[in-house]
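**Q** I am attaching a structure below and will ask some questions about it afterwards.
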Amino acid sequence: MLALLAAAGFMQVGNMAQARDHLRQSEAWGQKARLIRQVMISGVHNSLGRVSVLAGQTERAQRHFEGAIATGMPGSDSALLGRARTGLQQEQLGVDQAPLPLRDNRPMIAAPVMPLERARVPRFQLHKTLDLGEAWAGNTINTVIFRHHGIMTVGEYQYTAFYVDENTLRLVRRHLQDDSLQVHDLAGEYNLKDAHNSISLGMDREGHLHISYDHHGTQLKYRRSLQPHDVREWTDELPMTGQNEERVTYPTFILPRQDFPLTLLYRHGTHNNGTAFIKTYDEARKQWQDHPKPILSGSEQKPWTANAYWNNPVVGEDGSLHLSFVWRTHTLGEEKRVNNINVGYAKSYDNGLNWWTSNHQPYQLPITPANAETVWPVSPGSNLMNQCSMALDSQQRPHIVFYSNHPSTGIPTFQHLWHDGIEWRHQYLAQASQPFNLQGGGTLQIPISRPCVLIDRQDNVHVIYRDHGQGAGFYIATMMAPEYCYERNTLQALSDDIGFAEPVLDRERWNSENILAIIHQYNDQPNHDRIINSGEIKRSAVFISDYSWA
């Protein structure tokens, strides 16, 4: 680091020979190539800023000094420090100090630079696979991405659940120290023909498991474990509050944090006429209660109703709740194209009672297509996929991944959308190997999965997806912080062919241990949830695969 800083200093005073020597020394002593690039780019911005000061171009100088600070010291107040540096350089260079422009507080951010020789990117290493036996595989009901939670870690235990057959729902508790399993089967009659009817898990502060399952616009099905941290004894099916529980889909448990209890977010209604409600659980009274107002709603939209599809909810270190979502209304044309539009965003500091935009403006509830903050506009008929993924970085800034058509090719393309503290930024990632359209009803047979995003402790972004054009396995692409430059040579295969499964991840374990635990199961997926033919796969093995990031 000292050699690198000395190199930067020699470059600023024009001694290029000494700068080169110290750069080579820094590299030889093991300095990371990414940091060398950052410091050098910062130095270039600083030099261009000094030239702009001498040329009397005060605003240009300030932008370059902001760029130097944003590149060399990510996360700092580059606008404030840039103004200070501009004034200092004007004084040092003997230039009359023109008034510094009051701008819109947006720093110049250096464009991502592709290195001549890429530094080694860490990889995910598989270090354990746990076989949970065979389960239903006639469709993706066990592996749809919108299971929240499909697998979760609380304390020393990891929990998951899946359908074995039409009469068996299996719960599994894994002890993370020795991989011992506690297994229990809930007998019942389950509709496995519809992949929407998946299972979601939650846990209250007393350690009781909560499970909701088997509905797509139908009566709420819900149970609670009788003993803490135990999957063997359960209540019968229970209502929660009895309000807005007749047409339930996508039950989404949000685990307790800080002063906020176990929370359930769910849709009441249909794909193009729905409302999102929140309920919270009181451990002392063993009762659920309803939030006073709905959260997201298009049921009163005119002249067409709509529905909001949310990505996985994310909680911040301060307990804040973050949602991103798209809106769906009527289908398009005779082919019935799915009509999802626009990516929206909202956050709450009181567990969903009140909501705010990314620029801290209050929402009036419910959030509708008319008052929602659109953070990335997507036109109708653009194959925008619903229910993708979101995560927060160490600065509590949201990162969203999804796919929709690339404007130049018309082919669905994975995309990364994130907030840098000032504005929303966007980039295109991998493109599907073949064009396709989202059209028709029910669950679709799609050659790529919905993407899932994770952010590690160094703020690197990892996007996980399936792509039949690359072999039908799970793949993970890594964008290194802070520039998040997408390069195909970071792509890593995580599995062999898994059919049409989507990534179902243990986010709690990732956040606590930086271990990626993912459900692996080969699944078919009949288009439009048609009846399974006798020749198709109906059962396959379920695994939990653990990967470390190093």
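Letters for chains follow the order of the structure tokens (A, B, ...), residue numbers begin at 1 for each chain, and ligand numbers begin at 1 in the order shown.
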Using only C-alpha atoms, find each residue of range 103-222 of chain A with at least one atom at most 8 Å away from an atom of range 506-513 of chain A; report its shortest atom-to-atom pair and that distance in Å (one decimal), sort the rows by chain and rising residue number, and return the result as CSV.
**A**
residue,atom,partner,partner_atom,distance
A:His149,CA,A:Asp506,CA,7.8
A:Gly150,CA,A:Asp506,CA,7.7
A:Ile151,CA,A:Asp506,CA,5.1
A:Met152,CA,A:Asp506,CA,4.9
A:Thr153,CA,A:Arg509,CA,5.5
A:Val154,CA,A:Glu508,CA,7.4
**Q** Show me, as a ChimeraX atom specification, the residues that have an atom within 12 Å of Ile199 in chain A when counting only C-alpha atoms, minus same-chain residues fewer than 4 positions from it.
**A** /A:140-151,160-163,169-171,190-192,195,210-216,221-223,249-253,504
**Q** Would you put the residues from that selection into a file with N, CA and C atoms, as a JSON list (two decimals), in the first residue's frame?
**A**
[["chain", "number", "residue", "atom", "x", "y", "z"],
["A", 140, "THR", "N", -42.33, -27.73, -10.82],
["A", 140, "THR", "CA", -41.36, -27.00, -9.98],
["A", 140, "THR", "C", -41.96, -26.55, -8.65],
["A", 141, "ILE", "N", -43.00, -27.21, -8.18],
["A", 141, "ILE", "CA", -43.66, -26.77, -6.95],
["A", 141, "ILE", "C", -42.71, -26.74, -5.76],
["A", 142, "ASN", "N", -41.68, -27.61, -5.76],
["A", 142, "ASN", "CA", -40.69, -27.61, -4.67],
["A", 142, "ASN", "C", -39.55, -26.64, -4.90],
["A", 143, "THR", "N", -39.42, -26.09, -6.11],
["A", 143, "THR", "CA", -38.23, -25.27, -6.43],
["A", 143, "THR", "C", -38.57, -23.94, -7.08],
["A", 144, "VAL", "N", -39.80, -23.43, -6.92],
["A", 144, "VAL", "CA", -40.09, -22.09, -7.43],
["A", 144, "VAL", "C", -39.38, -21.05, -6.57],
["A", 145, "ILE", "N", -38.96, -19.98, -7.20],
["A", 145, "ILE", "CA", -38.11, -18.99, -6.53],
["A", 145, "ILE", "C", -38.86, -18.21, -5.46],
["A", 146, "PHE", "N", -40.19, -18.19, -5.53],
["A", 146, "PHE", "CA", -40.93, -17.33, -4.59],
["A", 146, "PHE", "C", -41.27, -18.04, -3.28],
["A", 147, "ARG", "N", -40.56, -19.10, -2.92],
["A", 147, "ARG", "CA", -40.74, -19.71, -1.60],
["A", 147, "ARG", "C", -39.97, -18.87, -0.56],
["A", 148, "HIS", "N", -40.70, -18.26, 0.36],
["A", 148, "HIS", "CA", -40.07, -17.42, 1.39],
["A", 148, "HIS", "C", -40.63, -17.78, 2.77],
["A", 149, "HIS", "N", -39.98, -18.75, 3.45],
["A", 149, "HIS", "CA", -38.69, -19.31, 3.07],
["A", 149, "HIS", "C", -38.87, -20.76, 2.65],
["A", 150, "GLY", "N", -38.14, -21.19, 1.61],
["A", 150, "GLY", "CA", -38.12, -22.59, 1.24],
["A", 150, "GLY", "C", -37.07, -23.35, 2.02],
["A", 151, "ILE", "N", -36.03, -22.66, 2.43],
["A", 151, "ILE", "CA", -34.99, -23.21, 3.29],
["A", 151, "ILE", "C", -34.47, -22.05, 4.13],
["A", 160, "THR", "N", -36.18, -27.05, 6.15],
["A", 160, "THR", "CA", -36.76, -27.01, 4.81],
["A", 160, "THR", "C", -37.99, -27.90, 4.79],
["A", 161, "ALA", "N", -38.76, -27.82, 3.71],
["A", 161, "ALA", "CA", -39.97, -28.63, 3.54],
["A", 161, "ALA", "C", -40.20, -28.82, 2.05],
["A", 162, "PHE", "N", -40.83, -29.95, 1.69],
["A", 162, "PHE", "CA", -41.15, -30.22, 0.29],
["A", 162, "PHE", "C", -42.24, -31.28, 0.23],
["A", 163, "TYR", "N", -42.89, -31.36, -0.95],
["A", 163, "TYR", "CA", -43.91, -32.38, -1.16],
["A", 163, "TYR", "C", -43.24, -33.66, -1.66],
["A", 169, "LEU", "N", -46.49, -34.11, 2.87],
["A", 169, "LEU", "CA", -45.65, -32.92, 2.96],
["A", 169, "LEU", "C", -44.58, -33.21, 4.00],
["A", 170, "ARG", "N", -43.32, -33.16, 3.59],
["A", 170, "ARG", "CA", -42.22, -33.54, 4.49],
["A", 170, "ARG", "C", -41.50, -32.31, 5.03],
["A", 171, "LEU", "N", -41.27, -32.30, 6.35],
["A", 171, "LEU", "CA", -40.49, -31.25, 7.02],
["A", 171, "LEU", "C", -39.18, -31.85, 7.49],
["A", 190, "TYR", "N", -52.90, -32.73, -1.19],
["A", 190, "TYR", "CA", -52.22, -31.56, -1.72],
["A", 190, "TYR", "C", -52.35, -31.51, -3.24],
["A", 191, "ASN", "N", -52.65, -30.33, -3.77],
["A", 191, "ASN", "CA", -52.79, -30.13, -5.21],
["A", 191, "ASN", "C", -51.40, -29.85, -5.80],
["A", 192, "LEU", "N", -50.77, -30.88, -6.34],
["A", 192, "LEU", "CA", -49.42, -30.73, -6.87],
["A", 192, "LEU", "C", -49.40, -30.41, -8.36],
["A", 195, "ALA", "N", -47.86, -25.42, -9.83],
["A", 195, "ALA", "CA", -46.58, -25.10, -9.19],
["A", 195, "ALA", "C", -46.65, -23.87, -8.29],
["A", 210, "HIS", "N", -43.71, -21.92, 11.64],
["A", 210, "HIS", "CA", -44.98, -21.61, 11.01],
["A", 210, "HIS", "C", -44.87, -22.04, 9.55],
["A", 211, "ILE", "N", -45.95, -22.64, 9.03],
["A", 211, "ILE", "CA", -45.92, -23.15, 7.67],
["A", 211, "ILE", "C", -47.22, -22.77, 6.96],
["A", 212, "SER", "N", -47.09, -22.32, 5.71],
["A", 212, "SER", "CA", -48.25, -22.01, 4.87],
["A", 212, "SER", "C", -48.01, -22.66, 3.52],
["A", 213, "TYR", "N", -49.04, -23.23, 2.89],
["A", 213, "TYR", "CA", -48.81, -24.14, 1.78],
["A", 213, "TYR", "C", -50.09, -24.32, 0.96],
["A", 214, "ASP", "N", -49.91, -24.84, -0.29],
["A", 214, "ASP", "CA", -50.99, -25.39, -1.12],
["A", 214, "ASP", "C", -52.13, -24.41, -1.38],
["A", 215, "HIS", "N", -51.78, -23.21, -1.86],
["A", 215, "HIS", "CA", -52.87, -22.37, -2.33],
["A", 215, "HIS", "C", -52.44, -21.46, -3.48],
["A", 216, "HIS", "N", -53.40, -21.27, -4.37],
["A", 216, "HIS", "CA", -53.28, -20.35, -5.50],
["A", 216, "HIS", "C", -54.65, -19.71, -5.68],
["A", 221, "LYS", "N", -54.11, -21.88, 4.06],
["A", 221, "LYS", "CA", -53.75, -23.11, 4.77],
["A", 221, "LYS", "C", -52.52, -22.82, 5.60],
["A", 222, "TYR", "N", -52.63, -23.04, 6.90],
["A", 222, "TYR", "CA", -51.58, -22.58, 7.82],
["A", 222, "TYR", "C", -51.56, -23.48, 9.05],
["A", 223, "ARG", "N", -50.34, -23.81, 9.52],
["A", 223, "ARG", "CA", -50.15, -24.55, 10.76],
["A", 223, "ARG", "C", -48.97, -23.97, 11.54],
["A", 249, "THR", "N", -52.47, -16.24, -2.15],
["A", 249, "THR", "CA", -51.36, -16.74, -2.97],
["A", 249, "THR", "C", -50.07, -16.10, -2.45],
["A", 250, "TYR", "N", -48.97, -16.79, -2.64],
["A", 250, "TYR", "CA", -47.62, -16.30, -2.32],
["A", 250, "TYR", "C", -47.44, -15.88, -0.85],
["A", 251, "PRO", "N", -47.74, -16.77, 0.09],
["A", 251, "PRO", "CA", -47.45, -16.42, 1.49],
["A", 251, "PRO", "C", -45.95, -16.22, 1.68],
["A", 252, "THR", "N", -45.56, -15.11, 2.26],
["A", 252, "THR", "CA", -44.15, -14.72, 2.37],
["A", 252, "THR", "C", -43.86, -14.37, 3.82],
["A", 253, "PHE", "N", -43.14, -15.25, 4.52],
["A", 253, "PHE", "CA", -42.79, -14.99, 5.90],
["A", 253, "PHE", "C", -41.54, -14.10, 5.98],
["A", 504, "VAL", "N", -33.53, -21.85, -4.98],
["A", 504, "VAL", "CA", -34.15, -21.64, -3.67],
["A", 504, "VAL", "C", -33.02, -21.65, -2.66]]
**Q** When you count only C-alpha atoms, which of these residues is closest to Gln521 in chain A: A:Phe10, A:Trp136, A:Tyr547, A:Tyr428?
**A**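 Closest candidate: A:Trp136.
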**Q** Using only C-alpha atoms, which residue out of A:Leu438, A:Leu2, A:Leu176, A:Val314 lies closest to Pro398 in chain A?
**A**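 For Pro398 in chain A, the nearest of the given residues is A:Val314.
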**Q** Could you work out how far CA of Val13 in chain A lies from CA of Ser47 in chain A, giving the answer in Å with one decimal?
**A**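 Interatomic distance, CA of Ser47 in chain A to CA of Val13 in chain A: 9.7 Å.
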**Q** I'd like the neighbourhood of Glu335 in chain A as a compact mmCIF listing (two decimals) with N, CA, C and O atoms, in the first residue's frame, where a residue qualifies if any of its atoms comes within 9 Å (using only C-alpha atoms), though same-chain residues fewer than 3 positions away should be ignored.
**A**
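What ended up in selection_31.txt:
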# COMPACT_ATOMS: atom_id res chain seq x y z
N THR A 331 -53.79 -9.33 -20.25
CA THR A 331 -52.87 -9.88 -21.24
C THR A 331 -52.97 -9.10 -22.55
O THR A 331 -53.93 -8.34 -22.77
N LEU A 332 -52.00 -9.32 -23.44
CA LEU A 332 -51.91 -8.58 -24.69
C LEU A 332 -52.14 -9.49 -25.88
O LEU A 332 -51.49 -10.55 -25.98
N GLN A 439 -46.24 -16.04 -22.36
CA GLN A 439 -47.62 -15.95 -22.83
C GLN A 439 -48.42 -17.16 -22.37
O GLN A 439 -47.88 -18.24 -22.16
N GLY A 440 -49.71 -16.93 -22.17
CA GLY A 440 -50.59 -17.99 -21.71
C GLY A 440 -50.69 -18.02 -20.20
O GLY A 440 -49.99 -17.31 -19.49
**Q** Compile the contact shell of Ala481 in chain A as a PyMOL selection string: residues with an atom at most 6 Å away, counting only C-alpha atoms, same-chain residues fewer than 3 positions apart removed.
**A** chain A and resi 459-460+484
